[in-house]
Structure formats: C-alpha cells, structure tokens
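Working notes, beginning with the structure itself.
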Amino acid sequence: MMKTLHVELGDNRYPIVVGTGLLNSVGELLTPVMKSNKVLIVSDTYVKTCYLPVVLKSLENAGFDVRTIEVPGGEESKSLTQFSRIQDSLVEHQLDRGSLIIALGGGVIGDVAGFAAAVYMRGIPYVQIPTTLQAQVDASVGGKTAINHPKGKNLIGAFHQPKLVVIDVDTLKTLPQRDIRAGLIEVIKMGVIRDEPLFERVEKNLEAILNLDDTILIEVISQACVNKAEIVAKDEKESRLRMVLNYGHTFGHALEALTHYNRYRHGEAVSIGLNCAAQLAVNLGMFAETDFQRQRTLLKRARLPITFPNDLIPEALCDAMYLDKKTLGGKLRLILPTRIGDVVIRDDIDDRHVLQAIAQCF
Ligand code: NAD
Ligand code: GLY
C-alpha cells in the first residue's frame with residue numbers, strides 16, 4: 001500500500017511517499033534521487049535499534065556505501081555539539097556534494113540532520129524518513145531545518161528542502177500512544193486552518209487512527225501532507241501564507257518555554273494553544289460557539305489537554321508569547337479561526353483580549 005504526492009517547488013520539486021513496509025524499499029526509492037553512492041544516516045539511540053538495520057540492509061542491497069551516526073534522543077540533540085559531530089562525520093567519511101544525508105527519526109533528527117545537510121559544502125542533498133507522527137505530518141515536509149540556541153528554540157537554521165520524504169506508517173507501531181495523540185494535533189490543526197473534510201475524517205475515524213489502522217493512517221497522513229505541500233509550494237520561505245501553520249503555536253510555544261520544554265509534548269502544548277486561540281476568536285465575535293465546541297470536543301476525545309496548568313499565571317504566558325520568534329516589529333501575530341476550515345492572520349489584537357482568552361483557558 002503506497003501513495004505518492006509532490007511538493008511542487010519547480011526545480012526543487014520532490015515526492016512524499018506514504019505507505020506500509022517502505023523501510024524495506026528505501027534503497028529502490030532512493031536510486032532515482034542519488035548522484036553518487038555515498039550516504040550518511042543520522043538517527044537517534046532508540047530509532048537506531050529499531051529501524052536502522054532494515055534501512056541499512058535495503059541501502060546496501062541497492063549498492064550504496066553507507067555510514068551511520070547516532071545522536072542521543074530528545075530535544076537536546078538540536079545543539080551545536082551534535083551538529084558539529086555530524087559535520088565531523090561528513091568530513092571523516094569524505095562525503096561530497098553528490099552524497100546524501102538520511103534523517104531517520106523524529107522531528108529532532110530531521111531538523112539537526114537537515115541543517116547539517118543545508119550547510120555542509122554549502123548544501124548537500126538529504127532525505128527525510130520520519131518515524132514519529134509529528135514528523136510525518138509536519139516536520140519532515142517543507143524544508144525548515146534548525147538547531148536551538150540556549151536562549152531560544154530553532155534560532156539557528158536554514159530553509160533546505162529534502163529530495164524525498166519516505167513515510168512508513170509501520171514505524172508508528174512502536175511509538176507511545178501519548179506521542180500518537182500529540183502528533184495528531186497537527187492533523188487536527190490542518191483541518192481547522194484549511195480542510196474541513198480532513199477535520200471531519202478525524203472526527204469520524206478517531207478510534208481507528210489511535211488504533212493505528214493502516215488504511216486510515218495512510219489517508220489522513222497523506223491528506224495532511226497534501227495540505228502542507230500546497231502551502232509550502234505557495235510560500236516556501238514563510239512570507240505570509242505559511243504562517244497559518246502556526247495556529248495555536250504562539251500560545252503553545254509560550255507554555256513550552258515556561259515549563260522548560262519538559263512537561264508537555266509539543267503537540268500537547270499546541271492543543272492548549274488551539275483551544276485558547278479559538279476562545280479568543282469567539283470573544284472577538286469571529287468564530288461561532290458551535291465551531292469552538294466542535295474543536296474542543298475533538299481535542300478532548302483525543303485526550304489532548306485544553307487548559308493551562310494552574311501553577312502558571314496569564315500575565316506570564318502573555319509575556320512569554322512576545323519572546324516567540326513569530327512576533328514581528330514587537331507585535332503579536334496570531335492565527336485565528338473564522339470557521340472549521342479557515343483562519344485569518346491578525347497582528348492587531350489588543351493584549352487585553354489575549355489575556356482574557358488565556359484566563360478563560362485555566
Ligand atoms: P523527537 O524527534 O524528539 O522524537 C520523540 C522521541 O520519540 C525520541 O525520543 C525518539 O527517540 C522517539 N522515537 C522516534 N521514532 C520512534 C518510533 N517510531 N517509535 C518509538 N519511539 C520513537 O520528537 P518529534 O515530536 O518527532 O519532533 C519534535 C521536533 O520537531 C521539535 O524539535 C520541533 O521543533 C521539530 N519540528 C520541526 C518542524 C519543521 O518544520 N522543521 C515542524 C514541527 C516540529
Ligand atoms: N511547522 C511549521 C512550518 O513548517 O512552517
């Protein structure tokens with residue numbers, strides 16, 4: 001079972017393949033995008049144990065000369081230290097401009113390996129093989145790569161599009177349910193911002209998705225990627241349209257920062273952010289209460305959090321929102337829904353309203 005779609009970026013057009021059993025076919029899938037036979041696979045400790053052997057075998061059977069490097073699992077690996085280790089490995093193994101990096105893992109691996117590919121020899125090709133739902137529906141598509149600075153997330157990065165994205169839904173079978181739920185938020189988000197039928201499909205098939213039914217997973221992951229691919233094709237460098245992908249994220253990032261990135265999964269913080277942004281839109285009279293309740297119900301059914309923790313105060317959250325890099329010229333930029341399937345970008349919302357919506361979400 002396999003679906004193929006494309007990110008239409010002219011000369012940088014690339015395919016996304018979504019299906020089952022694809023890790024066994026990585027060698028064949030890669031052959032058309034390769035200029036030389038040298039490959040460096042970047043993975044993390046867990047992914048290395050589970051999935052590296054099958055990918056390695058497939059590549060070696062297809063005649064590739066493969067080297068590997070492992071970084072520790074978790075956000076801390078989006079660091080200059082791990083980035084430097086990857087550069088050292090590229091130099092040591094003499095990869096050249098025709099060689100390829102494979103990012104095998106979650107969004108952390110995709111971001112750090114993608115950034116390594118973006119700058120080594122001023123840019124070499126890379127392929128994303130995302131193994132978390134979050135990375136399959138969001139991080140692996142669109143070419144945003146980055147590492148963190150001690151003062152902020154993703155502050156050092158580059159736009160660098162992959163040559164290919166291989167999404168094998170079988171890898172989700174080892175992912176904890178909490179991470180499946182957290183990853184699903186990006187699909188729900190996509191439904192609210194531009195795809196009501198996708199939102200409805202998640203409503204109708206939530207249990208099957210959480211039970212990892214292959215057919216429905218391939219369907220919703222592909223549809224989320226179709227949406228992301230369309231947005232990226234129209235606005236690769238986020239001059240405006242791409243900002244809609246940040247729905248719920250300004251609130252979510254503030255919460256993640258205040259809880260030191262270790263209490264919530266990114267998707268959980270974004271879930272609270274979606275609820276808060278929708279509450280704000282209701283307060284401003286631009287989003288119907290029925291749509292607000294529809295989104296809220298789905299988040300609750302998916303057992304995602306929708307309220308801020310009681311040890312924080314609204315003022316601290318509001319202040320932290322200004323530190324997110326999604327502000328421009330000191331103004332908060334918010335993505336607010338007008339109905340399930342449409343949002344607007346607003347940078348004229350008074351702090352008073354923002355604070356009020358946050359206070360209602362405790
Ligand atoms: P992650 O990469 O840290 O993975 C979470 C954990 O899951 C890790 O410990 C990993 O070892 C483990 N794991 C990976 N695959 C597994 C599997 N199949 N089975 C069991 N365990 C598995 O986290 P994530 O949620 O995938 O990604 C979060 C990162 O993505 C953040 O750094 C975020 O900034 C970034 N991100 C980037 C973009 C982008 O456009 N580039 C978009 C969204 C998020
Ligand atoms: N995750 C937001 C983006 O890719 O633009």
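Just so we're on the same page: first chain in the structure tokens is A, next is B, and so on; residues restart at 1 for each chain, and ligands are numbered from 1 in the order they show up.
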Could you list, as number ranges by chain, all protein and nucleic acid residues with an atom at most 8 Å from ligand 1, counting only C-alpha atoms and all ligand atoms? A: 44-47, 50, 72-75, 78, 105-111, 130-135, 138-146, 153-154, 171-176, 179, 182-183, 265-267
Residues as selected, N, CA and C atoms, written as a CSV table (one decimal), in the first residue's frame, can you do that?
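Final output, saved to part10.csv:
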```csv
chain,number,residue,atom,x,y,z
A,44,ASP,N,18.7,8.4,16.1
A,44,ASP,CA,19.0,8.6,17.5
A,44,ASP,C,19.0,7.2,18.1
A,45,THR,N,19.3,7.1,19.4
A,45,THR,CA,19.5,5.9,20.1
A,45,THR,C,18.4,4.9,19.9
A,46,TYR,N,17.1,5.3,20.1
A,46,TYR,CA,16.0,4.4,20.0
A,46,TYR,C,15.8,3.9,18.6
A,47,VAL,N,15.7,4.9,17.7
A,47,VAL,CA,15.5,4.6,16.3
A,47,VAL,C,16.5,3.7,15.7
A,50,CYS,N,15.7,0.1,16.6
A,50,CYS,CA,14.5,-0.4,15.9
A,50,CYS,C,14.6,-0.4,14.4
A,72,PRO,N,22.1,11.4,20.7
A,72,PRO,CA,21.1,11.0,21.8
A,72,PRO,C,19.7,11.4,21.4
A,73,GLY,N,18.7,10.7,21.9
A,73,GLY,CA,17.3,11.0,21.7
A,73,GLY,C,16.9,12.3,22.4
A,74,GLY,N,16.0,13.1,21.8
A,74,GLY,CA,15.5,14.2,22.6
A,74,GLY,C,16.0,15.6,22.0
A,75,GLU,N,15.2,16.6,22.5
A,75,GLU,CA,15.4,18.0,22.0
A,75,GLU,C,16.9,18.5,22.2
A,78,LYS,N,19.3,19.0,19.3
A,78,LYS,CA,19.3,20.1,18.3
A,78,LYS,C,20.3,21.1,18.8
A,105,GLY,N,14.3,9.3,11.8
A,105,GLY,CA,13.9,9.6,13.2
A,105,GLY,C,12.8,10.6,13.3
A,106,GLY,N,12.6,11.2,14.5
A,106,GLY,CA,11.5,12.2,14.7
A,106,GLY,C,12.0,13.5,14.2
A,107,GLY,N,11.2,14.5,14.6
A,107,GLY,CA,11.5,15.9,14.2
A,107,GLY,C,12.8,16.4,14.6
A,108,VAL,N,13.3,15.9,15.7
A,108,VAL,CA,14.7,16.4,16.2
A,108,VAL,C,15.7,16.0,15.2
A,109,ILE,N,15.7,14.7,14.8
A,109,ILE,CA,16.7,14.2,13.8
A,109,ILE,C,16.5,14.9,12.5
A,110,GLY,N,15.3,15.1,12.0
A,110,GLY,CA,15.0,15.8,10.8
A,110,GLY,C,15.6,17.2,10.8
A,111,ASP,N,15.4,17.9,11.9
A,111,ASP,CA,15.9,19.3,12.0
A,111,ASP,C,17.4,19.4,12.0
A,130,PRO,N,10.8,10.1,8.4
A,130,PRO,CA,10.2,10.4,9.7
A,130,PRO,C,9.6,9.2,10.4
A,131,THR,N,9.9,9.1,11.7
A,131,THR,CA,9.3,7.9,12.4
A,131,THR,C,8.4,8.2,13.5
A,132,THR,N,8.1,9.5,13.7
A,132,THR,CA,7.0,9.9,14.6
A,132,THR,C,5.9,10.5,13.8
A,133,LEU,N,4.7,10.5,14.4
A,133,LEU,CA,3.5,11.0,13.7
A,133,LEU,C,3.7,12.5,13.5
A,134,GLN,N,4.3,13.2,14.5
A,134,GLN,CA,4.5,14.6,14.4
A,134,GLN,C,5.4,14.9,13.2
A,135,ALA,N,6.5,14.2,13.1
A,135,ALA,CA,7.4,14.4,11.9
A,135,ALA,C,6.8,14.0,10.6
A,138,ASP,N,4.2,16.9,9.7
A,138,ASP,CA,4.6,18.3,9.8
A,138,ASP,C,6.1,18.5,9.5
A,139,ALA,N,7.0,18.0,10.5
A,139,ALA,CA,8.4,18.4,10.5
A,139,ALA,C,9.1,18.0,9.2
A,140,SER,N,8.8,16.8,8.7
A,140,SER,CA,9.6,16.3,7.6
A,140,SER,C,9.3,17.0,6.2
A,141,VAL,N,8.2,17.7,6.2
A,141,VAL,CA,7.8,18.3,4.9
A,141,VAL,C,8.0,19.8,5.0
A,142,GLY,N,8.6,20.4,4.0
A,142,GLY,CA,8.7,21.9,3.9
A,142,GLY,C,10.0,22.5,4.1
A,143,GLY,N,11.0,21.7,4.4
A,143,GLY,CA,12.4,22.3,4.4
A,143,GLY,C,12.8,23.2,5.5
A,144,LYS,N,12.1,23.3,6.6
A,144,LYS,CA,12.6,24.1,7.7
A,144,LYS,C,13.6,23.2,8.5
A,145,THR,N,14.8,23.6,8.7
A,145,THR,CA,15.8,22.9,9.4
A,145,THR,C,16.4,23.8,10.5
A,146,ALA,N,16.8,23.3,11.6
A,146,ALA,CA,17.3,24.2,12.7
A,146,ALA,C,17.9,23.4,13.8
A,153,LYS,N,14.4,28.3,20.9
A,153,LYS,CA,14.3,27.2,20.0
A,153,LYS,C,14.4,27.6,18.6
A,154,ASN,N,15.0,26.7,17.8
A,154,ASN,CA,15.1,26.9,16.3
A,154,ASN,C,15.7,28.2,15.9
A,171,THR,N,6.2,2.4,11.3
A,171,THR,CA,7.1,2.8,12.4
A,171,THR,C,6.3,3.4,13.6
A,172,LEU,N,5.0,3.7,13.3
A,172,LEU,CA,4.2,4.3,14.4
A,172,LEU,C,3.8,3.2,15.4
A,173,LYS,N,4.0,1.9,15.0
A,173,LYS,CA,3.6,0.8,15.9
A,173,LYS,C,4.4,0.8,17.2
A,174,THR,N,5.6,1.4,17.2
A,174,THR,CA,6.4,1.4,18.4
A,174,THR,C,6.3,2.7,19.1
A,175,LEU,N,5.6,3.6,18.6
A,175,LEU,CA,5.5,5.0,19.2
A,175,LEU,C,4.5,5.0,20.3
A,176,PRO,N,4.9,5.5,21.5
A,176,PRO,CA,3.9,5.5,22.6
A,176,PRO,C,2.6,6.3,22.2
A,179,ASP,N,2.5,10.0,22.2
A,179,ASP,CA,3.1,10.7,21.1
A,179,ASP,C,2.2,10.6,19.8
A,182,ALA,N,-0.2,13.3,20.5
A,182,ALA,CA,0.4,14.7,20.4
A,182,ALA,C,0.7,15.0,18.9
A,183,GLY,N,1.0,14.0,18.1
A,183,GLY,CA,1.3,14.2,16.7
A,183,GLY,C,0.0,14.5,15.9
A,265,ARG,N,4.5,17.4,25.7
A,265,ARG,CA,4.9,17.2,24.3
A,265,ARG,C,4.5,18.5,23.5
A,266,HIS,N,5.3,18.8,22.5
A,266,HIS,CA,5.0,19.9,21.7
A,266,HIS,C,3.5,19.9,21.3
A,267,GLY,N,3.0,18.8,20.8
A,267,GLY,CA,1.6,18.7,20.4
A,267,GLY,C,0.6,19.0,21.5
```
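With only C-alpha atoms taken into account, the protein and nucleic acid residues at most 10 Å from stretch 257-263 of chain A (excluding it and anything under 2 positions from it in its own chain) are Glu75, Gly152, Lys153, Gly252, His253, Ala254, Leu255, Arg265, His266, Glu268, Ala269, Pro309, Asp311, Leu312, Ala316, Leu317, Ala320, Met321, Leu323 and Asp324 of chain A.
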When DSSP works through the backbone of this structure, what residues of stretch 3-156 of chain A end up as helix (DSSP H, G or I), shown as an MDAnalysis selection string? chainID A and resid 10:12 22:33 45:61 75:77 80:92 107:122 133:139
Show me, as a ChimeraX atom specification, the residues that have an atom within 9 Å of stretch 20-31 of chain A when counting only C-alpha atoms, minus same-chain residues fewer than 4 positions from it. /A:1-2,35,37,51,54-64,127,129,164,166-171,214,218
For A:Leu304: contacts at 12 Å, only C-alpha atoms, fewer than 4 positions along chain excluded, given as a PyMOL selection string: chain A and resi 177-186+188+264-275+295-300+308
Among stretch 62-264 of chain A, which ones does DSSP assign to strand (DSSP E or B) (computed from the backbone)? Answer as a ChimeraX atom specification. /A:65-71,100-105,126-130,144-149,152-159,164-168
List the spatial neighbours of A:Thr68 as an MDAnalysis selection string - criterion: any atom at most 12 Å away, only C-alpha atoms, same-chain residues fewer than 3 positions off excluded. chainID A and resid 38:45 48 52:53 55:56 59 65 71 85:86 89:90 92:93 100:104 113
Output N, CA, C and O atoms for every residue in the selection just made, as a short mmCIF file (atom, residue, chain, number, x, y, z; two decimals), in the first residue's frame.
```cif
data_model
loop_
_atom_site.label_atom_id
_atom_site.label_comp_id
_atom_site.auth_asym_id
_atom_site.auth_seq_id
_atom_site.Cartn_x
_atom_site.Cartn_y
_atom_site.Cartn_z
N LYS A 38 27.36 7.46 -1.95
CA LYS A 38 27.72 7.62 -0.54
C LYS A 38 26.57 8.23 0.29
O LYS A 38 26.01 9.27 -0.09
N VAL A 39 26.30 7.59 1.43
CA VAL A 39 25.17 8.03 2.26
C VAL A 39 25.60 8.07 3.72
O VAL A 39 26.30 7.18 4.19
N LEU A 40 25.17 9.12 4.44
CA LEU A 40 25.32 9.11 5.90
C LEU A 40 23.92 9.11 6.52
O LEU A 40 23.11 10.01 6.24
N ILE A 41 23.64 8.08 7.32
CA ILE A 41 22.34 8.04 8.02
C ILE A 41 22.51 8.62 9.42
O ILE A 41 23.38 8.18 10.17
N VAL A 42 21.66 9.60 9.74
CA VAL A 42 21.64 10.15 11.10
C VAL A 42 20.40 9.61 11.80
O VAL A 42 19.28 9.71 11.27
N SER A 43 20.60 9.00 12.97
CA SER A 43 19.43 8.53 13.72
C SER A 43 19.71 8.75 15.21
O SER A 43 20.79 9.19 15.58
N ASP A 44 18.71 8.44 16.06
CA ASP A 44 18.96 8.55 17.49
C ASP A 44 18.99 7.17 18.12
O ASP A 44 18.78 6.15 17.44
N THR A 45 19.27 7.13 19.41
CA THR A 45 19.53 5.86 20.08
C THR A 45 18.40 4.86 19.89
O THR A 45 18.62 3.71 19.51
N LYS A 48 17.76 3.95 16.10
CA LYS A 48 18.87 3.14 15.59
C LYS A 48 18.61 1.66 15.87
O LYS A 48 18.76 0.81 15.00
N LEU A 52 17.21 1.17 12.12
CA LEU A 52 18.40 1.31 11.29
C LEU A 52 18.76 0.02 10.54
O LEU A 52 19.05 0.07 9.33
N PRO A 53 18.69 -1.16 11.19
CA PRO A 53 19.12 -2.38 10.47
C PRO A 53 18.37 -2.60 9.15
O PRO A 53 19.00 -2.92 8.14
N VAL A 55 16.83 -0.39 7.22
CA VAL A 55 17.17 0.64 6.23
C VAL A 55 18.56 0.38 5.66
O VAL A 55 18.80 0.44 4.44
N LEU A 56 19.48 0.02 6.56
CA LEU A 56 20.86 -0.27 6.16
C LEU A 56 20.89 -1.42 5.14
O LEU A 56 21.55 -1.34 4.10
N LEU A 59 19.58 -0.36 1.74
CA LEU A 59 20.52 0.50 1.02
C LEU A 59 21.72 -0.29 0.52
O LEU A 59 22.17 -0.12 -0.62
N ASP A 65 27.04 2.93 -0.44
CA ASP A 65 28.12 2.88 0.54
C ASP A 65 27.64 3.71 1.74
O ASP A 65 27.59 4.93 1.68
N VAL A 71 22.84 10.16 17.37
CA VAL A 71 22.86 11.23 18.37
C VAL A 71 21.92 10.81 19.50
O VAL A 71 21.03 9.98 19.28
N ARG A 85 29.30 17.21 15.53
CA ARG A 85 29.63 15.78 15.40
C ARG A 85 29.23 15.27 14.00
O ARG A 85 29.96 14.51 13.37
N ILE A 86 28.07 15.73 13.53
CA ILE A 86 27.62 15.28 12.20
C ILE A 86 28.56 15.84 11.12
O ILE A 86 28.97 15.14 10.20
N SER A 89 31.68 13.85 11.01
CA SER A 89 31.47 12.56 10.37
C SER A 89 31.42 12.71 8.84
O SER A 89 31.95 11.87 8.09
N LEU A 90 30.79 13.78 8.37
CA LEU A 90 30.72 14.03 6.92
C LEU A 90 32.12 14.21 6.34
O LEU A 90 32.45 13.68 5.27
N GLU A 92 35.03 13.24 7.80
CA GLU A 92 35.80 12.00 8.00
C GLU A 92 35.50 10.96 6.92
O GLU A 92 36.39 10.31 6.39
N HIS A 93 34.22 10.83 6.56
CA HIS A 93 33.84 9.83 5.56
C HIS A 93 33.88 10.37 4.13
O HIS A 93 33.43 9.72 3.20
N LEU A 100 24.65 11.95 0.11
CA LEU A 100 23.31 12.18 0.66
C LEU A 100 23.30 11.94 2.16
O LEU A 100 23.93 11.01 2.66
N ILE A 101 22.55 12.79 2.89
CA ILE A 101 22.28 12.53 4.31
C ILE A 101 20.86 11.98 4.41
O ILE A 101 19.95 12.48 3.73
N ILE A 102 20.68 10.95 5.22
CA ILE A 102 19.33 10.48 5.52
C ILE A 102 19.03 10.79 6.98
O ILE A 102 19.80 10.42 7.87
N ALA A 103 17.90 11.48 7.20
CA ALA A 103 17.43 11.75 8.57
C ALA A 103 16.42 10.67 8.91
O ALA A 103 15.31 10.67 8.38
N LEU A 104 16.82 9.75 9.76
CA LEU A 104 15.93 8.64 10.14
C LEU A 104 15.53 8.83 11.60
O LEU A 104 16.33 8.58 12.51
N ALA A 113 19.75 16.97 11.28
CA ALA A 113 20.39 16.37 10.10
C ALA A 113 20.13 17.25 8.87
O ALA A 113 21.01 17.43 8.01
#
```
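Each of A:Lys151, A:Arg242, A:Arg97, A:Lys189 was compared to ligand 2 using only C-alpha atoms and all ligand atoms, and A:Arg242 turns out to be the nearest.
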Show me, as a PyMOL selection string, the residues that have an atom within 9 Å of A:Leu5 when counting only C-alpha atoms, minus same-chain residues fewer than 6 positions from it. chain A and resi 14-18+222+225-226+229
Among listed residues A:His6, A:Leu95, A:Phe251, A:Ile345, nearest A:Cys276 (using only C-alpha atoms):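 The closest residue to A:Cys276 is A:Phe251.
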So the first atom is atom CA of A:Glu256 and the second is atom CA of A:Phe83; what is the distance between them in Å, to one decimal place? 23.1 Å
Across A:Arg346, A:Lys204, A:Arg194, A:His249, the smallest distance to A:Glu230, with only C-alpha atoms counted, is shown by A:Arg194
Do a neighbour search on A:Phe199 at 8 Å with only C-alpha atoms, toss out local chain neighbours closer than 3 positions, and write the hits as a VMD selection string. chain A and resid 187 to 188 190 to 192 195 to 196 202 to 203 340
Go ahead and save the picked residues with all heavy atoms, as a short mmCIF file (atom, residue, chain, number, x, y, z; two decimals), in the first residue's frame.
```cif
data_model
loop_
_atom_site.label_atom_id
_atom_site.label_comp_id
_atom_site.auth_asym_id
_atom_site.auth_seq_id
_atom_site.Cartn_x
_atom_site.Cartn_y
_atom_site.Cartn_z
N VAL A 187 -2.60 17.30 12.54
CA VAL A 187 -3.62 16.95 11.54
C VAL A 187 -4.90 17.73 11.85
O VAL A 187 -5.53 18.31 10.95
CB VAL A 187 -3.91 15.42 11.55
CG1 VAL A 187 -4.95 15.08 10.50
CG2 VAL A 187 -2.63 14.62 11.34
N ILE A 188 -5.27 17.75 13.13
CA ILE A 188 -6.47 18.49 13.54
C ILE A 188 -6.29 19.98 13.19
O ILE A 188 -7.18 20.62 12.64
CB ILE A 188 -6.73 18.30 15.06
CG1 ILE A 188 -7.03 16.82 15.35
CG2 ILE A 188 -7.85 19.21 15.55
CD1 ILE A 188 -7.13 16.46 16.84
N MET A 190 -4.47 21.22 10.84
CA MET A 190 -4.57 21.40 9.39
C MET A 190 -6.03 21.43 8.97
O MET A 190 -6.43 22.19 8.09
CB MET A 190 -3.82 20.25 8.69
CG MET A 190 -3.47 20.52 7.27
SD MET A 190 -2.37 21.94 7.08
CE MET A 190 -0.78 21.14 7.08
N GLY A 191 -6.85 20.58 9.63
CA GLY A 191 -8.29 20.58 9.35
C GLY A 191 -8.91 21.93 9.64
O GLY A 191 -9.68 22.47 8.84
N VAL A 192 -8.56 22.50 10.79
CA VAL A 192 -9.18 23.78 11.17
C VAL A 192 -8.70 24.90 10.24
O VAL A 192 -9.48 25.75 9.83
CB VAL A 192 -8.87 24.17 12.64
CG1 VAL A 192 -9.52 25.50 13.00
CG2 VAL A 192 -9.36 23.08 13.59
N ASP A 195 -9.00 22.66 5.91
CA ASP A 195 -9.51 21.42 5.32
C ASP A 195 -10.58 20.81 6.23
O ASP A 195 -10.30 19.88 6.99
CB ASP A 195 -8.31 20.47 5.11
CG ASP A 195 -8.66 19.25 4.27
OD1 ASP A 195 -9.86 18.97 4.10
OD2 ASP A 195 -7.72 18.56 3.81
N GLU A 196 -11.79 21.32 6.10
CA GLU A 196 -12.88 20.82 6.95
C GLU A 196 -13.12 19.33 6.74
O GLU A 196 -13.35 18.59 7.72
CB GLU A 196 -14.15 21.66 6.70
CG GLU A 196 -15.20 21.55 7.79
CD GLU A 196 -16.20 20.42 7.54
OE1 GLU A 196 -16.28 19.91 6.40
OE2 GLU A 196 -16.89 20.04 8.50
N VAL A 202 -11.11 12.94 10.71
CA VAL A 202 -10.52 12.62 12.02
C VAL A 202 -11.63 12.40 13.05
O VAL A 202 -11.58 11.45 13.83
CB VAL A 202 -9.53 13.73 12.49
CG1 VAL A 202 -9.00 13.43 13.88
CG2 VAL A 202 -8.38 13.87 11.50
N GLU A 203 -12.66 13.26 13.01
CA GLU A 203 -13.79 13.08 13.95
C GLU A 203 -14.38 11.69 13.80
O GLU A 203 -14.65 10.99 14.78
CB GLU A 203 -14.90 14.10 13.66
CG GLU A 203 -14.58 15.51 14.10
CD GLU A 203 -15.74 16.47 13.77
OE1 GLU A 203 -16.25 16.43 12.63
OE2 GLU A 203 -16.11 17.27 14.61
N ILE A 340 -14.42 26.16 10.97
CA ILE A 340 -13.58 24.97 10.81
C ILE A 340 -13.26 24.89 9.32
O ILE A 340 -14.15 24.69 8.48
CB ILE A 340 -14.31 23.67 11.27
CG1 ILE A 340 -14.77 23.77 12.71
CG2 ILE A 340 -13.42 22.44 11.03
CD1 ILE A 340 -13.70 23.69 13.78
#
```
Quick one: distance from atom CA of A:Val119 to atom CA of A:Thr49 in Å, one decimal?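 According to the coordinates, atom CA of A:Val119 and atom CA of A:Thr49 are separated by 27.9 Å.
Minimum distance to ligand 2 across A:Ala158, A:Cys361, A:Leu198, A:Ala116 (counting only C-alpha atoms and all ligand atoms) occurs at A:Ala158.
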